[in-house]
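Student: Quick one: this structure, given as structure tokens, is what I'll be asking you about.
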Amino acid sequence: MDPIISKQRIAALILKENTVGLNKTEQEELNLWRQTDPRHERTYTRLHEKDYKKDLSRYRQIDVQHGLERYRERYIQKKTRHLAKWYWSAAAVVFMMGIGSIFFLQRTDHITPQESIIPGGSKAMLVLNNGNIIDLSDKTHDEIVTTEELIIRNNGTGLQYATTENATNKHANNYNELIVPKGGEYTLTLSDGTKVWLNSQSKLKYPVAFNDTNREVYLEGEAYFEVTKDPHHPFHVNTKDRVTIEVLGTSFNVRSYPDETKIETVLEEGSVRMSKGKEKVTLSPGYKAVYQPEKGIETTSVNTELYTAWRHGQYIFVDESVENILKQLSRWYNIEVFYSNEKAKSVIFSGDVRKYNDITTLLEAMEIAGGIHFKINGNTLIVSYKE
């Protein structure tokens, strides 16, 4: 048996032993492995030190069952990987990355990055209508604007707009822009009560107060919206290529980065309509719409948590290429990624990372599972493919 597959098998058995228990055949297999080498017993002891139930509970906070089952079915069907048939539950598929990093650290040829990559945090810049720029990470800027009609407050992690009972439409044409850099995140509450979570390297342009006709914002990057219901004033998210998402009151994610050709929206609650010119598609909860210039708008059924987990402090990847994974993580960890060969980009991987944790554990697990190698040089991550 391939040594990597063998180790993944044993790791899965140890996880199962500590959660739901093993059957007689599985217990005999695990006992035999422990007895064949003193190093195996040491590894077994280390893995038993982990709090499995606590970690599994954390993963269950985001329901990845549907997405991970689809992943397992695709891999078994294609027979390109055999690891998945041993994962006794969907939670174990992702959780294997956590115990796998401990398990494989016993390898003498494994190279651990010499420098740590620090995760991002709450930081953003606010561009006012008059052109003034305010660094929102400076918590001394807690009350930015206070007038008879408008209040803008900042708490260091989020920005809140509120209009008073004396408000008129004079602020409807005054636009502010919230800019979140690489390595940042920020929340925003608009004047109508709509909540927005802005991901790294994203911008949102919006009126200080909405007019009497509609509610329009302009997004570059990625954001999650919880739109306040108002049937008489539709809410529009405008993105590049004149693609618009229209809603009345709903929860959804929009992704439209300048360095990506596609624009996508994923709907969790309510109803949204994506439009490009005369082409219009209305989504129901649990669906994703993707616009690409050469294909138009296409829709698919998805596990929405896989697209919105970043808002809850976690990135989850299912059947994703290393290139796509590192493109997302590079924004949050504020790093540049360099590939020493093209083959490394196309390696397929599944796993997860907590946003506020060091990225090293995930990189180590990816090295084992995908046959790729990472080297950290300052804020540059060098990726190469290992034959």
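Ligands are numbered from 1 in the order shown, residues from 1 within each chain, and chains are lettered A, B, ... in the order they appear in the structure tokens.
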Would you kindly return, as a PyMOL selection string, each protein, DNA or RNA residue with an atom no farther than 10 Å from any atom of Leu190 (chain A), considering only C-alpha atoms and excluding same-chain residues fewer than 3 positions away?

Tutor: chain A and resi 152+159-163+187+193-196+206-210+227-228

Student: Selection from above, all heavy atoms, as a short mmCIF file (atom, residue, chain, number, x, y, z; two decimals), in the first residue's frame, can you write it?

Tutor:
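Generated output (part29.cif):
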```cif
data_model
loop_
_atom_site.label_atom_id
_atom_site.label_comp_id
_atom_site.auth_asym_id
_atom_site.auth_seq_id
_atom_site.Cartn_x
_atom_site.Cartn_y
_atom_site.Cartn_z
N ILE A 152 -22.25 58.72 11.54
CA ILE A 152 -21.36 57.66 11.07
C ILE A 152 -20.42 57.30 12.21
O ILE A 152 -19.67 58.15 12.70
CB ILE A 152 -20.53 58.09 9.84
CG1 ILE A 152 -21.44 58.63 8.73
CG2 ILE A 152 -19.69 56.93 9.34
CD1 ILE A 152 -20.67 59.15 7.52
N LEU A 159 -18.18 49.69 10.46
CA LEU A 159 -18.61 51.07 10.23
C LEU A 159 -20.13 51.08 10.17
O LEU A 159 -20.73 50.21 9.52
CB LEU A 159 -18.01 51.57 8.92
CG LEU A 159 -18.09 53.06 8.59
CD1 LEU A 159 -17.30 53.88 9.60
CD2 LEU A 159 -17.53 53.29 7.18
N GLN A 160 -20.75 52.04 10.82
CA GLN A 160 -22.21 52.09 10.87
C GLN A 160 -22.74 53.47 10.48
O GLN A 160 -22.29 54.48 11.02
CB GLN A 160 -22.71 51.72 12.26
CG GLN A 160 -24.23 51.68 12.36
CD GLN A 160 -24.70 51.18 13.72
OE1 GLN A 160 -23.91 51.09 14.66
NE2 GLN A 160 -25.98 50.87 13.83
N TYR A 161 -23.70 53.47 9.54
CA TYR A 161 -24.38 54.70 9.10
C TYR A 161 -25.80 54.67 9.65
O TYR A 161 -26.47 53.63 9.63
CB TYR A 161 -24.43 54.78 7.58
CG TYR A 161 -23.11 55.08 6.93
CD1 TYR A 161 -22.10 54.13 6.90
CD2 TYR A 161 -22.87 56.31 6.32
CE1 TYR A 161 -20.87 54.39 6.30
CE2 TYR A 161 -21.65 56.59 5.72
CZ TYR A 161 -20.66 55.63 5.72
OH TYR A 161 -19.45 55.90 5.12
N ALA A 162 -26.26 55.81 10.10
CA ALA A 162 -27.63 55.91 10.59
C ALA A 162 -28.16 57.31 10.30
O ALA A 162 -27.44 58.31 10.50
CB ALA A 162 -27.69 55.62 12.08
N THR A 163 -29.39 57.39 9.84
CA THR A 163 -30.02 58.68 9.60
C THR A 163 -30.99 58.98 10.73
O THR A 163 -31.56 58.07 11.34
CB THR A 163 -30.79 58.69 8.26
OG1 THR A 163 -31.71 57.59 8.25
CG2 THR A 163 -29.84 58.55 7.09
N THR A 187 -16.70 45.21 8.39
CA THR A 187 -18.15 45.15 8.25
C THR A 187 -18.70 46.56 8.09
O THR A 187 -18.08 47.54 8.49
CB THR A 187 -18.80 44.47 9.45
OG1 THR A 187 -18.54 45.23 10.63
CG2 THR A 187 -18.28 43.06 9.63
N GLY A 193 -30.00 49.94 7.17
CA GLY A 193 -29.87 48.80 8.06
C GLY A 193 -29.26 47.57 7.42
O GLY A 193 -28.99 46.57 8.10
N THR A 194 -29.03 47.60 6.11
CA THR A 194 -28.39 46.49 5.41
C THR A 194 -26.97 46.28 5.95
O THR A 194 -26.21 47.23 6.11
CB THR A 194 -28.34 46.75 3.90
OG1 THR A 194 -29.67 46.71 3.38
CG2 THR A 194 -27.49 45.72 3.18
N LYS A 195 -26.63 45.01 6.21
CA LYS A 195 -25.30 44.68 6.72
C LYS A 195 -24.44 44.08 5.61
O LYS A 195 -24.92 43.26 4.82
CB LYS A 195 -25.41 43.70 7.90
CG LYS A 195 -26.12 44.30 9.11
CD LYS A 195 -26.19 43.30 10.25
CE LYS A 195 -26.89 43.92 11.45
NZ LYS A 195 -26.99 42.96 12.59
N VAL A 196 -23.18 44.50 5.59
CA VAL A 196 -22.26 44.04 4.56
C VAL A 196 -20.96 43.60 5.22
O VAL A 196 -20.43 44.29 6.09
CB VAL A 196 -21.94 45.16 3.54
CG1 VAL A 196 -21.08 44.60 2.39
CG2 VAL A 196 -23.22 45.78 2.99
N TYR A 206 -20.98 53.46 -2.02
CA TYR A 206 -22.38 53.48 -1.62
C TYR A 206 -22.77 54.91 -1.23
O TYR A 206 -21.93 55.72 -0.81
CB TYR A 206 -22.60 52.56 -0.42
CG TYR A 206 -21.62 52.82 0.69
CD1 TYR A 206 -21.91 53.71 1.72
CD2 TYR A 206 -20.36 52.20 0.70
CE1 TYR A 206 -21.01 53.97 2.72
CE2 TYR A 206 -19.44 52.47 1.70
CZ TYR A 206 -19.77 53.35 2.70
OH TYR A 206 -18.85 53.63 3.70
N PRO A 207 -24.07 55.24 -1.33
CA PRO A 207 -24.51 56.57 -0.91
C PRO A 207 -24.59 56.65 0.61
O PRO A 207 -24.89 55.66 1.28
CB PRO A 207 -25.90 56.70 -1.54
CG PRO A 207 -26.38 55.30 -1.66
CD PRO A 207 -25.16 54.47 -1.95
N VAL A 208 -24.31 57.80 1.14
CA VAL A 208 -24.41 58.01 2.59
C VAL A 208 -25.84 57.73 3.06
O VAL A 208 -26.06 57.16 4.14
CB VAL A 208 -23.98 59.45 2.93
CG1 VAL A 208 -24.28 59.77 4.39
CG2 VAL A 208 -22.51 59.65 2.62
N ALA A 209 -26.81 58.11 2.25
CA ALA A 209 -28.22 57.80 2.51
C ALA A 209 -28.88 57.49 1.17
O ALA A 209 -28.57 58.13 0.16
CB ALA A 209 -28.92 58.96 3.20
N PHE A 210 -29.77 56.49 1.15
CA PHE A 210 -30.42 56.10 -0.10
C PHE A 210 -31.53 57.08 -0.46
O PHE A 210 -32.13 57.72 0.41
CB PHE A 210 -30.98 54.68 0.01
CG PHE A 210 -29.92 53.63 0.12
CD1 PHE A 210 -29.72 52.94 1.31
CD2 PHE A 210 -29.10 53.31 -0.96
CE1 PHE A 210 -28.75 51.96 1.42
CE2 PHE A 210 -28.13 52.34 -0.86
CZ PHE A 210 -27.94 51.66 0.33
N VAL A 227 -29.57 42.06 3.29
CA VAL A 227 -30.29 43.25 2.85
C VAL A 227 -31.58 43.42 3.64
O VAL A 227 -32.39 42.49 3.77
CB VAL A 227 -30.59 43.17 1.34
CG1 VAL A 227 -31.39 44.39 0.89
CG2 VAL A 227 -29.29 43.07 0.55
N THR A 228 -31.79 44.61 4.15
CA THR A 228 -33.03 44.95 4.83
C THR A 228 -34.19 44.95 3.83
O THR A 228 -34.10 45.54 2.76
CB THR A 228 -32.92 46.35 5.48
OG1 THR A 228 -31.86 46.34 6.42
CG2 THR A 228 -34.22 46.74 6.16
#
```

Student: Just list the residues in region 231-355 of chain A DSSP gives strand (DSSP E) on the backbone, as a PyMOL selection string.

Tutor: chain A and resi 235-238+243-247+251-256+263-269+272-276+279-283+287-292+296-301+314-321+336-339+348-354

Student: Please give the complete set of residues from region 81-313 of chain A that DSSP, run on the backbone, assigns to helix (DSSP H, G or I), formatted as a PyMOL selection string.

Tutor: chain A and resi 83-86+90-104+169-171+240-242+305-312

Student: Can you spit out the residues from that selection as a PDB file, in the first residue's frame, using C-alpha atoms?

Tutor:
```
ATOM      1  CA  LEU A  83      -8.295   8.355   0.217  1.00  0.00           C
ATOM      2  CA  ALA A  84     -11.914   9.395   0.293  1.00  0.00           C
ATOM      3  CA  LYS A  85     -13.355   5.877   0.571  1.00  0.00           C
ATOM      4  CA  TRP A  86     -11.882   5.624   4.056  1.00  0.00           C
ATOM      5  CA  ALA A  90     -18.065  14.054   5.928  1.00  0.00           C
ATOM      6  CA  ALA A  91     -16.748  15.774   9.043  1.00  0.00           C
ATOM      7  CA  ALA A  92     -13.775  13.427   9.056  1.00  0.00           C
ATOM      8  CA  VAL A  93     -12.845  14.420   5.501  1.00  0.00           C
ATOM      9  CA  VAL A  94     -12.056  17.975   6.547  1.00  0.00           C
ATOM     10  CA  PHE A  95     -10.925  17.071  10.046  1.00  0.00           C
ATOM     11  CA  MET A  96      -8.232  14.783   8.619  1.00  0.00           C
ATOM     12  CA  MET A  97      -6.276  17.894   7.729  1.00  0.00           C
ATOM     13  CA  GLY A  98      -6.017  18.744  11.419  1.00  0.00           C
ATOM     14  CA  ILE A  99      -4.709  15.372  12.621  1.00  0.00           C
ATOM     15  CA  GLY A 100      -2.836  14.755   9.387  1.00  0.00           C
ATOM     16  CA  SER A 101      -0.437  17.592  10.107  1.00  0.00           C
ATOM     17  CA  ILE A 102       0.548  15.917  13.414  1.00  0.00           C
ATOM     18  CA  PHE A 103       0.740  12.492  11.848  1.00  0.00           C
ATOM     19  CA  PHE A 104       3.071  13.452   9.030  1.00  0.00           C
ATOM     20  CA  ASN A 169     -32.578  63.464   0.527  1.00  0.00           C
ATOM     21  CA  LYS A 170     -29.664  65.868   0.385  1.00  0.00           C
ATOM     22  CA  HIS A 171     -27.181  63.060   1.227  1.00  0.00           C
ATOM     23  CA  LYS A 240     -17.713  44.956 -13.312  1.00  0.00           C
ATOM     24  CA  ASP A 241     -18.828  44.297 -16.908  1.00  0.00           C
ATOM     25  CA  ARG A 242     -22.154  45.964 -16.041  1.00  0.00           C
ATOM     26  CA  GLU A 305     -21.661  27.349   3.280  1.00  0.00           C
ATOM     27  CA  LEU A 306     -18.638  26.526   1.142  1.00  0.00           C
ATOM     28  CA  TYR A 307     -18.900  30.019  -0.387  1.00  0.00           C
ATOM     29  CA  THR A 308     -19.826  31.983   2.738  1.00  0.00           C
ATOM     30  CA  ALA A 309     -17.707  30.315   5.438  1.00  0.00           C
ATOM     31  CA  TRP A 310     -15.141  33.128   5.158  1.00  0.00           C
ATOM     32  CA  ARG A 311     -17.666  35.408   6.867  1.00  0.00           C
ATOM     33  CA  HIS A 312     -17.608  33.085   9.891  1.00  0.00           C
TER      34      HIS A 312
END
```

Student: Mind pulling up the distance from CA of Lys327 (chain A) to CA of Lys375 (chain A)?

Tutor: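 Answer for the CA of Lys375 (chain A) to CA of Lys327 (chain A) separation: 16.2 Å.
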
Student: Please indicate the distance in Å from CA of Gln328 (chain A) to CA of Glu260 (chain A), rounded to one decimal place.

Tutor: 11.1 Å

Student: Compile the contact shell of Ile335 (chain A) as a VMD selection string: residues with an atom at most 6 Å away, counting only C-alpha atoms, same-chain residues fewer than 4 positions apart removed.

Tutor: chain A and resid 330 379 to 380
